[in-house]
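query_15.csv (CSV, C-alpha atoms and all ligand atoms)
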```csv
chain,number,residue,atom,x,y,z
A,270,MET,CA,6.9,-14.3,-31.0
A,271,SER,CA,5.0,-16.4,-28.5
A,272,GLN,CA,1.5,-15.5,-27.5
A,273,LEU,CA,1.0,-12.6,-25.1
A,274,PHE,CA,-1.9,-12.4,-22.6
A,275,GLY,CA,-4.1,-9.8,-20.9
A,276,VAL,CA,-3.9,-9.4,-17.1
A,277,ALA,CA,-7.4,-9.6,-15.5
A,278,LEU,CA,-8.2,-8.8,-11.9
A,279,ARG,CA,-10.0,-12.0,-10.9
A,280,GLY,CA,-10.4,-11.6,-7.2
A,281,THR,CA,-9.7,-9.3,-4.2
A,282,GLY,CA,-9.6,-9.8,-0.4
A,283,SER,CA,-8.4,-8.0,2.7
A,284,CYS,CA,-7.9,-8.6,6.4
A,285,LEU,CA,-7.9,-6.0,9.2
A,286,PRO,CA,-7.0,-6.9,12.8
A,287,ALA,CA,-9.9,-6.8,15.2
A,288,ARG,CA,-8.2,-4.3,17.6
A,289,VAL,CA,-9.5,-0.7,16.9
A,290,VAL,CA,-7.2,2.0,18.2
A,291,PRO,CA,-9.0,5.4,18.3
A,292,ASN,CA,-7.0,8.6,18.3
A,293,ASP,CA,-7.8,9.1,22.0
A,294,GLU,CA,-5.6,6.1,22.9
A,295,PHE,CA,-2.5,8.2,22.1
A,296,THR,CA,-3.4,10.8,24.7
A,297,ASP,CA,-5.2,8.6,27.3
A,298,THR,CA,-3.0,5.5,27.4
A,299,LEU,CA,0.3,6.7,25.9
A,300,ASN,CA,0.3,10.2,27.4
A,301,LEU,CA,1.4,11.7,24.1
A,302,ASP,CA,1.2,15.4,23.6
A,303,THR,CA,-1.4,15.3,20.8
A,304,SER,CA,-5.2,15.3,20.5
A,305,ASP,CA,-8.0,13.7,18.5
A,306,GLU,CA,-8.7,17.1,17.0
A,307,TRP,CA,-5.1,17.6,15.8
A,308,ILE,CA,-4.9,14.1,14.3
A,309,ARG,CA,-8.3,14.4,12.5
A,310,SER,CA,-7.8,17.9,11.2
A,311,ARG,CA,-4.1,17.3,10.0
A,312,THR,CA,-4.5,13.8,8.7
A,313,GLY,CA,-8.2,12.7,8.4
A,314,ILE,CA,-7.4,9.7,10.6
A,315,ARG,CA,-10.0,8.8,13.3
A,316,GLU,CA,-8.8,5.3,14.2
A,317,ARG,CA,-6.5,2.5,12.9
A,318,ARG,CA,-6.2,-1.2,13.5
A,319,PHE,CA,-3.3,-2.8,15.4
A,320,ALA,CA,-2.3,-6.4,15.2
A,321,GLY,CA,-3.0,-8.6,18.2
A,322,LEU,CA,-0.8,-11.2,19.9
A,323,GLY,CA,0.3,-13.8,17.3
A,324,GLU,CA,-0.8,-11.7,14.3
A,325,THR,CA,1.9,-10.9,11.8
A,326,SER,CA,2.1,-9.8,8.1
A,327,SER,CA,2.0,-13.4,7.0
A,328,SER,CA,-1.1,-14.3,9.1
A,329,LEU,CA,-3.0,-11.2,8.0
A,330,GLY,CA,-1.8,-11.7,4.4
A,331,THR,CA,-2.9,-15.4,4.5
A,332,VAL,CA,-6.5,-14.4,5.5
A,333,ALA,CA,-6.6,-11.7,2.8
A,334,ALA,CA,-5.2,-14.2,0.3
A,335,ARG,CA,-7.9,-16.8,1.2
A,336,ARG,CA,-10.6,-14.2,0.7
A,337,ALA,CA,-9.1,-13.1,-2.7
A,338,LEU,CA,-8.9,-16.7,-3.8
A,339,GLU,CA,-12.5,-17.3,-2.7
A,340,SER,CA,-13.7,-14.2,-4.7
A,341,ALA,CA,-11.7,-15.4,-7.7
A,342,GLY,CA,-13.3,-18.9,-7.5
A,343,LEU,CA,-9.8,-20.5,-7.4
A,344,THR,CA,-8.1,-22.9,-5.1
A,345,PRO,CA,-4.5,-22.4,-3.8
A,346,ASP,CA,-3.2,-25.3,-5.9
A,347,GLU,CA,-4.2,-23.3,-9.0
A,348,LEU,CA,-1.8,-20.5,-8.3
A,349,ASP,CA,1.5,-20.2,-10.2
A,350,LEU,CA,3.1,-17.3,-8.3
A,351,VAL,CA,2.9,-15.6,-4.9
A,352,ILE,CA,4.4,-12.1,-4.3
A,353,CYS,CA,4.2,-10.3,-1.0
A,354,ALA,CA,4.9,-6.6,-0.7
A,355,THR,CA,5.9,-5.7,2.8
A,356,VAL,CA,8.4,-3.6,4.8
A,357,THR,CA,7.4,-5.5,8.0
A,358,PRO,CA,8.1,-9.1,7.1
A,359,ASP,CA,7.7,-11.8,9.8
A,360,LEU,CA,11.4,-12.6,9.2
A,361,MET,CA,14.2,-11.4,7.0
A,362,SER,CA,14.2,-14.9,5.6
A,363,PRO,CA,12.2,-16.9,4.7
A,364,ALA,CA,10.1,-14.5,2.7
A,365,THR,CA,6.6,-13.7,4.1
A,366,ALA,CA,5.3,-14.9,0.7
A,367,CYS,CA,6.8,-18.4,1.5
A,368,LEU,CA,4.9,-18.4,4.8
A,369,ILE,CA,1.7,-17.4,3.0
A,370,GLN,CA,2.3,-20.1,0.4
A,371,ALA,CA,2.8,-22.7,3.1
A,372,ALA,CA,-0.3,-21.6,5.0
A,373,LEU,CA,-2.4,-21.7,1.9
A,374,GLY,CA,-1.0,-25.1,0.8
A,375,CYS,CA,0.1,-24.0,-2.7
A,376,ARG,CA,2.2,-26.2,-5.0
A,377,HIS,CA,6.0,-25.6,-5.3
A,378,ILE,CA,5.6,-22.3,-7.1
A,379,PRO,CA,7.8,-19.2,-6.9
A,380,ALA,CA,7.0,-17.2,-3.8
A,381,PHE,CA,9.0,-14.1,-2.9
A,382,ASP,CA,8.8,-10.7,-1.1
A,383,LEU,CA,9.2,-7.3,-2.7
A,384,SER,CA,10.2,-4.1,-0.8
A,385,ALA,CA,9.0,-0.8,-2.2
A,386,ALA,CA,7.3,0.6,1.0
A,387,CYS,CA,3.9,2.2,0.3
A,388,SER,CA,4.4,1.6,-3.5
A,389,GLY,CA,5.1,-2.1,-2.8
A,390,PHE,CA,1.8,-3.4,-3.9
A,391,LEU,CA,1.9,-1.7,-7.3
A,392,PHE,CA,5.5,-2.7,-7.8
A,393,ALA,CA,4.5,-6.3,-7.0
A,394,LEU,CA,1.5,-6.0,-9.3
A,395,SER,CA,3.8,-5.0,-12.2
A,396,VAL,CA,6.1,-8.1,-11.6
A,397,ALA,CA,3.1,-10.4,-11.5
A,398,ALA,CA,1.7,-8.8,-14.6
A,399,GLN,CA,4.9,-9.6,-16.5
A,400,TYR,CA,4.7,-13.3,-15.6
A,401,ILE,CA,1.1,-13.4,-16.8
A,402,ARG,CA,1.5,-11.3,-20.0
A,403,THR,CA,4.3,-13.6,-21.1
A,404,GLY,CA,2.4,-16.8,-20.3
A,405,THR,CA,4.8,-17.8,-17.5
A,406,ALA,CA,2.0,-17.8,-15.0
A,407,ARG,CA,-1.8,-18.2,-15.4
A,408,HIS,CA,-2.9,-17.2,-11.9
A,409,ALA,CA,-0.8,-15.0,-9.6
A,410,LEU,CA,-1.5,-13.9,-6.0
A,411,VAL,CA,-0.2,-10.4,-5.0
A,412,VAL,CA,-0.4,-9.5,-1.3
A,413,GLY,CA,0.4,-6.3,0.5
A,414,ALA,CA,0.7,-6.9,4.2
A,415,GLU,CA,2.1,-4.8,7.1
A,416,VAL,CA,2.3,-4.7,10.9
A,417,LEU,CA,3.7,-1.2,11.2
A,418,SER,CA,2.6,-1.0,14.8
A,419,ARG,CA,5.6,-3.2,15.5
A,420,ALA,CA,8.0,-0.6,13.9
A,421,ILE,CA,6.7,2.7,15.2
A,422,ASP,CA,8.1,4.8,18.0
A,423,PHE,CA,5.2,5.5,20.4
A,424,THR,CA,7.0,8.5,21.8
A,425,ASP,CA,7.2,10.2,18.4
A,426,ARG,CA,3.9,12.1,17.9
A,427,ASN,CA,5.0,13.1,14.3
A,428,SER,CA,4.8,9.5,13.1
A,429,CYS,CA,3.1,7.0,15.4
A,430,ILE,CA,-0.3,8.5,14.9
A,431,LEU,CA,-0.2,7.9,11.2
A,432,PHE,CA,0.1,4.1,10.7
A,433,GLY,CA,-2.0,1.0,11.0
A,434,ASP,CA,-1.8,-2.7,10.3
A,435,GLY,CA,-3.6,-4.9,7.7
A,436,ALA,CA,-3.4,-6.8,4.5
A,437,GLY,CA,-4.9,-6.8,1.1
A,438,ALA,CA,-4.6,-9.3,-1.8
A,439,VAL,CA,-5.5,-9.7,-5.4
A,440,VAL,CA,-5.6,-12.6,-7.8
A,441,LEU,CA,-4.6,-11.8,-11.3
A,442,SER,CA,-5.4,-14.2,-14.2
A,443,ALA,CA,-4.3,-14.5,-17.8
A,444,THR,CA,-7.0,-13.6,-20.4
A,445,PRO,CA,-6.8,-13.9,-24.2
A,446,VAL,CA,-8.0,-10.3,-24.5
A,447,LEU,CA,-4.8,-8.3,-24.4
A,448,THR,CA,-6.5,-5.0,-23.6
A,449,ALA,CA,-8.6,-6.4,-20.7
A,450,GLY,CA,-7.8,-5.7,-17.0
A,451,LEU,CA,-4.5,-4.0,-16.4
A,452,ARG,CA,-4.2,-1.2,-19.0
A,453,SER,CA,-1.0,0.6,-17.9
A,454,ILE,CA,1.4,0.7,-15.0
A,455,ARG,CA,4.2,3.3,-14.1
A,456,LEU,CA,6.9,2.8,-11.5
A,457,TYR,CA,9.5,5.3,-10.3
A,458,SER,CA,12.2,5.4,-7.6
A,459,ASP,CA,14.6,8.0,-6.3
A,460,GLY,CA,17.2,6.5,-3.9
A,461,THR,CA,18.9,9.8,-3.4
A,462,ARG,CA,16.0,10.7,-1.0
A,463,GLN,CA,16.2,7.5,1.0
A,464,ASP,CA,16.5,9.4,4.3
A,465,LEU,CA,12.9,10.8,4.2
A,466,ILE,CA,11.2,7.5,5.2
A,467,GLN,CA,13.1,4.7,6.8
A,468,VAL,CA,12.0,1.4,8.5
A,469,PRO,CA,14.5,-0.4,10.7
A,470,SER,CA,15.6,-4.0,10.1
A,471,LYS,CA,17.4,-6.4,12.4
A,472,VAL,CA,20.3,-6.5,9.9
A,473,THR,CA,22.3,-3.3,10.1
A,474,PRO,CA,25.1,-2.2,7.8
A,475,ASN,CA,28.5,-3.6,8.7
A,476,PRO,CA,30.9,-0.8,9.8
A,477,ALA,CA,34.4,-0.8,8.2
A,478,PRO,CA,37.1,-2.2,10.5
A,479,GLY,CA,38.0,0.4,13.1
A,480,ALA,CA,35.1,2.7,12.3
A,481,PRO,CA,32.7,3.6,15.1
A,482,LEU,CA,29.5,1.7,15.2
A,483,GLN,CA,26.7,3.4,13.3
A,484,PRO,CA,23.8,4.5,15.4
A,485,ARG,CA,21.1,1.8,14.9
A,486,LEU,CA,17.7,2.8,13.5
A,487,GLU,CA,15.3,1.3,16.0
A,488,PHE,CA,12.0,2.7,14.8
A,489,LEU,CA,10.3,3.9,11.6
A,490,ARG,CA,11.4,7.4,10.9
A,491,ILE,CA,9.8,10.0,8.6
A,492,VAL,CA,10.5,13.6,7.7
A,493,GLY,CA,6.8,14.3,7.6
A,494,ARG,CA,6.8,17.8,6.1
A,495,GLU,CA,9.2,16.8,3.2
A,496,VAL,CA,7.2,13.6,2.5
A,497,PHE,CA,4.0,15.7,2.4
A,498,ARG,CA,5.5,17.9,-0.3
A,499,PHE,CA,6.9,15.0,-2.3
A,500,ALA,CA,3.6,13.1,-2.0
A,501,VAL,CA,1.4,16.0,-3.3
A,502,THR,CA,3.8,16.7,-6.2
A,503,ARG,CA,4.1,13.1,-7.3
A,504,MET,CA,0.4,12.4,-6.9
A,505,ILE,CA,-0.4,15.4,-9.2
A,506,GLU,CA,2.2,14.1,-11.7
A,507,LEU,CA,0.8,10.6,-11.7
A,508,ILE,CA,-2.8,11.8,-12.2
A,509,GLU,CA,-1.6,14.0,-15.1
A,510,GLN,CA,0.2,11.0,-16.7
A,511,ALA,CA,-2.9,8.9,-16.2
A,512,GLU,CA,-4.7,11.4,-18.4
A,513,THR,CA,-2.2,10.5,-21.2
A,514,ASP,CA,-2.4,6.7,-20.4
A,515,CYS,CA,-6.2,6.8,-20.6
A,516,ARG,CA,-5.8,8.0,-24.3
A,517,GLU,CA,-9.0,9.2,-25.9
A,518,MET,CA,-11.2,8.7,-22.8
A,519,GLY,CA,-9.0,11.0,-20.7
A,520,LEU,CA,-9.4,11.4,-17.0
A,521,ALA,CA,-13.2,11.4,-17.4
A,522,GLY,CA,-12.9,7.7,-18.1
A,523,ILE,CA,-11.7,7.0,-14.6
A,524,ASP,CA,-14.6,5.8,-12.5
A,525,VAL,CA,-12.7,5.5,-9.2
A,526,LEU,CA,-9.3,6.9,-8.0
A,527,ILE,CA,-7.8,4.7,-5.3
A,528,PRO,CA,-4.8,6.6,-3.8
A,529,HIS,CA,-2.4,5.4,-1.2
A,530,GLN,CA,-4.2,6.2,2.1
A,531,VAL,CA,-1.7,8.5,3.6
A,532,ASN,CA,-3.2,11.8,4.6
A,533,GLN,CA,-6.6,13.4,3.6
A,534,ARG,CA,-4.8,16.7,3.1
A,535,ILE,CA,-2.3,15.2,0.6
A,536,ILE,CA,-5.2,13.6,-1.4
A,537,ASP,CA,-7.3,16.8,-1.3
A,538,ALA,CA,-4.4,19.0,-2.4
A,539,ALA,CA,-3.5,16.7,-5.4
A,540,ILE,CA,-7.1,16.2,-6.7
A,541,GLU,CA,-7.9,19.9,-6.3
A,542,SER,CA,-4.8,20.8,-8.4
A,543,CYS,CA,-5.8,18.3,-11.1
A,544,GLY,CA,-9.5,19.2,-11.0
A,545,PHE,CA,-10.3,15.5,-10.3
A,546,PRO,CA,-13.8,15.1,-8.7
A,547,ALA,CA,-13.6,14.3,-5.0
A,548,GLU,CA,-16.7,12.0,-5.2
A,549,LYS,CA,-14.7,9.6,-7.4
A,550,VAL,CA,-11.9,9.2,-4.8
A,551,MET,CA,-12.0,6.1,-2.5
A,552,VAL,CA,-10.9,7.0,1.0
A,553,ASN,CA,-10.8,4.7,4.0
A,554,LEU,CA,-7.8,6.2,5.9
A,555,ASP,CA,-10.2,7.6,8.5
A,556,ARG,CA,-10.7,4.0,9.7
A,557,TYR,CA,-7.3,2.3,9.0
A,558,GLY,CA,-4.6,5.0,8.8
A,559,ASN,CA,-1.6,4.4,6.6
A,560,THR,CA,-1.0,0.7,6.1
A,561,SER,CA,1.8,1.1,3.7
A,562,ALA,CA,2.0,-1.7,1.1
A,563,ALA,CA,-1.5,-2.9,2.2
A,564,SER,CA,-3.3,0.4,1.8
A,565,VAL,CA,-4.1,0.3,-2.0
A,566,PRO,CA,-5.2,-3.4,-2.1
A,567,ILE,CA,-7.3,-2.9,1.1
A,568,ALA,CA,-9.0,0.1,-0.5
A,569,LEU,CA,-9.5,-1.7,-3.8
A,570,ASP,CA,-11.1,-4.7,-2.1
A,571,GLU,CA,-13.4,-2.3,-0.1
A,572,ALA,CA,-14.3,-0.4,-3.2
A,573,LEU,CA,-15.4,-3.7,-4.9
A,574,ARG,CA,-17.2,-5.0,-1.9
A,575,THR,CA,-19.2,-1.8,-1.2
A,576,GLY,CA,-20.1,-1.3,-4.9
A,577,ARG,CA,-17.9,1.8,-5.3
A,578,GLY,CA,-16.2,0.0,-8.1
A,579,LYS,CA,-18.3,-2.3,-10.4
A,580,PRO,CA,-17.3,-4.8,-13.1
A,581,GLY,CA,-16.4,-2.8,-16.2
A,582,ASP,CA,-15.3,0.3,-14.2
A,583,THR,CA,-11.9,1.7,-14.7
A,584,VAL,CA,-9.8,2.5,-11.6
A,585,LEU,CA,-6.7,4.5,-11.2
A,586,LEU,CA,-4.4,3.3,-8.4
A,587,VAL,CA,-1.8,5.7,-7.2
A,588,ALA,CA,0.9,5.1,-4.5
A,589,PHE,CA,4.1,6.8,-3.2
A,590,GLY,CA,6.4,6.2,-0.2
A,591,GLY,CA,9.8,5.2,1.1
A,592,GLY,CA,12.7,4.8,-1.4
A,593,LEU,CA,11.5,7.2,-2.5
A,594,THR,CA,9.1,5.4,-4.8
A,595,TRP,CA,6.0,6.3,-6.6
A,596,SER,CA,3.7,4.4,-9.0
A,597,SER,CA,0.3,4.2,-10.7
A,598,ALA,CA,-1.8,1.6,-12.5
A,599,ILE,CA,-4.9,1.8,-14.6
A,600,LEU,CA,-7.1,-1.2,-14.3
A,601,THR,CA,-10.5,-2.1,-15.7
A,602,LEU,CA,-12.4,-4.2,-13.2
B,701,LIG,O1,3.4,7.0,3.4
B,701,LIG,C1,4.6,7.7,3.6
B,701,LIG,C2,4.8,8.0,5.1
B,701,LIG,N1,3.9,9.1,5.5
B,701,LIG,C3,4.4,10.3,5.8
B,701,LIG,O2,5.6,10.5,5.8
B,701,LIG,C4,3.4,11.3,6.2
B,701,LIG,C5,3.5,12.5,5.3
B,701,LIG,N2,3.3,13.7,6.1
B,701,LIG,C6,2.2,14.1,6.8
B,701,LIG,O3,1.2,13.4,6.6
B,701,LIG,C7,2.2,15.4,7.6
B,701,LIG,O4,3.4,16.1,7.3
B,701,LIG,C8,2.2,15.1,9.1
B,701,LIG,C9,0.8,14.6,9.5
B,701,LIG,C10,3.2,14.1,9.5
B,701,LIG,C11,2.4,16.4,9.9
B,701,LIG,O5,1.5,17.4,9.5
B,701,LIG,P1,2.0,18.9,9.1
B,701,LIG,O6,0.8,19.7,8.9
B,701,LIG,O7,2.9,18.7,8.0
B,701,LIG,O8,2.6,19.3,10.5
B,701,LIG,P2,4.1,19.8,10.7
B,701,LIG,O9,5.1,18.7,10.5
B,701,LIG,O10,4.3,21.0,9.8
B,701,LIG,O11,4.1,20.3,12.2
B,701,LIG,C12,3.2,21.3,12.7
B,701,LIG,C13,3.2,21.3,14.2
B,701,LIG,C14,4.6,21.2,14.8
B,701,LIG,O12,4.7,22.0,15.9
B,701,LIG,P3,5.4,23.4,15.9
B,701,LIG,O13,6.8,23.1,15.4
B,701,LIG,O14,4.7,24.2,14.9
B,701,LIG,O15,5.3,23.9,17.3
B,701,LIG,C15,4.7,19.7,15.2
B,701,LIG,O16,5.6,19.5,16.3
B,701,LIG,O17,2.5,20.2,14.6
B,701,LIG,C16,3.2,19.5,15.6
B,701,LIG,N3,2.8,18.1,15.6
B,701,LIG,C17,1.8,17.6,16.4
B,701,LIG,N4,1.0,18.2,17.2
B,701,LIG,C18,0.1,17.5,17.8
B,701,LIG,C19,3.3,17.1,14.8
B,701,LIG,N5,2.7,15.9,15.1
B,701,LIG,C20,1.7,16.2,16.1
B,701,LIG,C21,0.8,15.5,16.7
B,701,LIG,N6,-0.1,16.2,17.6
B,701,LIG,N7,0.6,14.2,16.5
```

Structure translated into structure tokens:
Amino acid sequence: MSQLFGVALRGTGSCLPARVVPNDEFTDTLNLDTSDEWIRSRTGIRERRFAGLGETSSSLGTVAARRALESAGLTPDELDLVICATVTPDLMSPATACLIQAALGCRHIPAFDLSAACSGFLFALSVAAQYIRTGTARHALVVGAEVLSRAIDFTDRNSCILFGDGAGAVVLSATPVLTAGLRSIRLYSDGTRQDLIQVPSKVTPNPAPGAPLQPRLEFLRIVGREVFRFAVTRMIELIEQAETDCREMGLAGIDVLIPHQVNQRIIDAAIESCGFPAEKVMVNLDRYGNTSAASVPIALDEALRTGRGKPGDTVLLVAFGGGLTWSSAILTL
């Protein structure tokens, strides 16, 4: 058998648009029947960032990628693979990853998008990890980038207050130490519950000849209460599975839990049920809201930059979202 490699986290980066949108903007500017108090107490969100004119998933993703490369001490021409997880691509084709590849000035390496909603980053991480483990790639860039402000219905108070824009990126590198870096990863999907979270695309299903045109989905749609229940249940399950994946060190070996930044009440309910210490949980949803595929890599980058996560620490990444999809990864920094 040919040689296998370990998958090390070599660098991280993120990019948040400059425009801060506080909760009050939904009442003061958009005249929505909501309040700062309701949004804070039901979600934990105080403000989020919205992309400005000319900002897209690829432009935010490119800046995050440059920062990740800088922290990795690598140049774009050293990359062997670019994957971008997004449900708000600049275009259906070419892939946002190709736009990022071009902006960075990479060689003619594979660059493609991956769609798994809020789990997208972890799904992309698992694909990149396979390339690296098998020696197909030495250095891989994985980006999660979203401009959800372009997909939300600003008249729907159930959903529009939840989301924000941004991008996060990591560089993964091959290492001869098989047990270094990425220790385990779990991915799940349940397409039978596709109706709970949907994001529109410009390409709609073709109706059969003679059939009435299907109503077009124009905006992101969630069945919030159902997603809430799904998210808590799956997050508990993923943390319990992580206990097994951590083997002898158990959950006590996890230094930082980085969950998908969806709702403070979802995170609190899950960690309380598992008895996981709140002080080990990285949360930044109060400032950025839910940035879907970008949420985990943005929080990971922030944890490293602020010293919440230090070299040698073990982090548990947990995400769940449209598909439905849910996923986790254990990573030693
Ligand atoms: O990452 C995956 C995508 N994320 C999600 O799908 C989010 C998951 N779900 C959630 O975070 C929560 O379910 C929400 C924040 C969306 C809603 O919180 P909730 O505590 O589950 O509220 P609810 O849906 O049970 O609604 C309670 C009430 C309703 O009014 P009535 O029927 O009791 O009169 C809603 O109409 O709160 C009302 N409501 C609001 N009121 C003020 C819903 N949104 C708002 C709002 N402001 N923004």

Next item on the list: Residues up to 9 Å from ligand LIG 701 (chain B), counting all atoms listed in the file: could you list those as a ChimeraX atom specification?
Entry: /A:295,301-308,311-312,386-388,425-432,465-466,490-500,529-535,559-561,588-591

Checklist line | Which residue of A:Leu383, A:Ala354, A:Ile599, A:Val552 approaches Arg516 (chain A) most closely, using only C-alpha atoms | finding: A:Ile599

Please produce, as JSON lines, a per-residue contact table for region 491-582 of chain A versus region 324-347 of chain A (criterion: any atom at most 12 Å away, only C-alpha atoms considered), showing the nearest atom pair and its distance in Å to one decimal, sorted by chain then residue number.
```
{"residue": "A:Thr560", "atom": "CA", "partner": "A:Ser326", "partner_atom": "CA", "distance": 11.1}
{"residue": "A:Ser561", "atom": "CA", "partner": "A:Ser326", "partner_atom": "CA", "distance": 11.8}
{"residue": "A:Ala562", "atom": "CA", "partner": "A:Ser326", "partner_atom": "CA", "distance": 10.7}
{"residue": "A:Ala563", "atom": "CA", "partner": "A:Gly330", "partner_atom": "CA", "distance": 9.1}
{"residue": "A:Pro566", "atom": "CA", "partner": "A:Ala333", "partner_atom": "CA", "distance": 9.7}
{"residue": "A:Ile567", "atom": "CA", "partner": "A:Ala333", "partner_atom": "CA", "distance": 9.0}
{"residue": "A:Leu569", "atom": "CA", "partner": "A:Ala337", "partner_atom": "CA", "distance": 11.5}
{"residue": "A:Asp570", "atom": "CA", "partner": "A:Ala337", "partner_atom": "CA", "distance": 8.7}
{"residue": "A:Glu571", "atom": "CA", "partner": "A:Ala337", "partner_atom": "CA", "distance": 11.9}
{"residue": "A:Leu573", "atom": "CA", "partner": "A:Ser340", "partner_atom": "CA", "distance": 10.6}
{"residue": "A:Arg574", "atom": "CA", "partner": "A:Ser340", "partner_atom": "CA", "distance": 10.2}
```

Checklist line | Long-range neighbours of region 408-412 of chain A as a PyMOL selection string, 6 Å cut-off, only C-alpha atoms, 4 positions minimum in chain | finding: chain A and resi 348-353+437-442

Item checked: Nearest candidate to Val468 (chain A) (options A:Ala443, A:Ile378, A:Val356, A:Ile540; using only C-alpha atoms) ->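 So, comparing all the options, the nearest one is A:Val356.
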
Next item on the list: Determine the nearest neighbour of Asp422 (chain A) from the options A:Ile401, A:Cys543, A:Ile454, A:Leu486, counting all atoms listed in the file.
Entry: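 For Asp422 (chain A), the nearest of the given residues is A:Leu486.
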
Next item on the list: Return the single residue from A:Gln272, A:Thr355, A:Thr502, A:Gln510 that is closest to Ala393 (chain A), with distances computed using all atoms listed in the file.
Entry: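 Smallest separation from Ala393 (chain A) among the options: A:Thr355.
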
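Counting all atoms listed in the file and comparing A:Asp459, A:Asp514, A:Asp297, A:Asp524, the residue that lies closest to Trp595 (chain A) is A:Asp459.
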
Next item on the list: Please measure the separation of CA of Phe390 (chain A) and CA of Val565 (chain A), giving the value in Å to one decimal.
Entry: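 Separation of CA of Phe390 (chain A) and CA of Val565 (chain A): 7.2 Å.
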
Check: Just how far from CA of Ala277 (chain A) is CA of Gly581 (chain A), in Å to one decimal?
Finding: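 Separation of CA of Gly581 (chain A) and CA of Ala277 (chain A): 11.3 Å.
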
Margin query: Restricting the calculation to all atoms listed in the file: of A:Gly374, A:Gly460, A:Pro286, A:Pro469, which residue gets closest to Gly323 (chain A)?
Written below: A:Pro286

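Counting from CA of Met551 (chain A), the distance to CA of Leu489 (chain A) is 26.5 Å.
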
Note to self: For Leu600 (chain A), find every residue with an atom within 8 Å (counting all atoms listed in the file), except residues of its own chain fewer than 5 positions away, and show them as a PyMOL selection string.
What the structure shows: chain A and resi 450-453+583-586

Checklist line | Radius query 10 Å about (4.1, -14.9, -18.4), atoms used: all atoms listed in the file, as a list in words | finding: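 Taken together, the residues in range are Gln272, Leu273, Phe274, Gly275, Val276, Val396, Ala397, Ala398, Gln399, Tyr400, Ile401, Arg402, Thr403, Gly404, Thr405, Ala406, Arg407, His408 and Ala443 of chain A.
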
Could N, CA, C and O atoms be built for region 413-423 of chain A and written out as a CSV table (one decimal), keeping the file's coordinate frame?
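Resulting contents of result.csv:
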```csv
chain,number,residue,atom,x,y,z
A,413,GLY,N,-0.3,-7.4,-0.2
A,413,GLY,CA,0.4,-6.3,0.5
A,413,GLY,C,0.0,-6.5,2.0
A,413,GLY,O,-1.2,-6.5,2.3
A,414,ALA,N,1.0,-6.6,2.8
A,414,ALA,CA,0.7,-6.9,4.2
A,414,ALA,C,1.7,-6.2,5.1
A,414,ALA,O,2.9,-6.2,4.9
A,415,GLU,N,1.2,-5.6,6.2
A,415,GLU,CA,2.1,-4.8,7.1
A,415,GLU,C,1.6,-4.9,8.6
A,415,GLU,O,0.4,-4.9,8.8
A,416,VAL,N,2.6,-4.9,9.5
A,416,VAL,CA,2.3,-4.7,10.9
A,416,VAL,C,3.2,-3.5,11.4
A,416,VAL,O,4.1,-3.7,12.1
A,417,LEU,N,2.8,-2.4,10.9
A,417,LEU,CA,3.7,-1.2,11.2
A,417,LEU,C,3.6,-0.8,12.7
A,417,LEU,O,4.5,-0.1,13.2
A,418,SER,N,2.6,-1.3,13.4
A,418,SER,CA,2.6,-1.0,14.8
A,418,SER,C,3.8,-1.6,15.6
A,418,SER,O,4.1,-1.1,16.6
A,419,ARG,N,4.5,-2.6,14.9
A,419,ARG,CA,5.6,-3.2,15.5
A,419,ARG,C,6.9,-2.4,15.2
A,419,ARG,O,8.0,-2.7,15.7
A,420,ALA,N,6.8,-1.4,14.3
A,420,ALA,CA,8.0,-0.6,13.9
A,420,ALA,C,7.9,0.8,14.3
A,420,ALA,O,8.9,1.6,14.1
A,421,ILE,N,6.8,1.3,14.9
A,421,ILE,CA,6.7,2.7,15.2
A,421,ILE,C,7.2,3.1,16.6
A,421,ILE,O,7.1,2.2,17.5
A,422,ASP,N,7.6,4.3,16.7
A,422,ASP,CA,8.1,4.8,18.0
A,422,ASP,C,6.9,5.5,18.7
A,422,ASP,O,6.5,6.6,18.2
A,423,PHE,N,6.4,4.9,19.7
A,423,PHE,CA,5.2,5.5,20.4
A,423,PHE,C,5.5,6.7,21.2
A,423,PHE,O,4.6,7.2,21.8
```
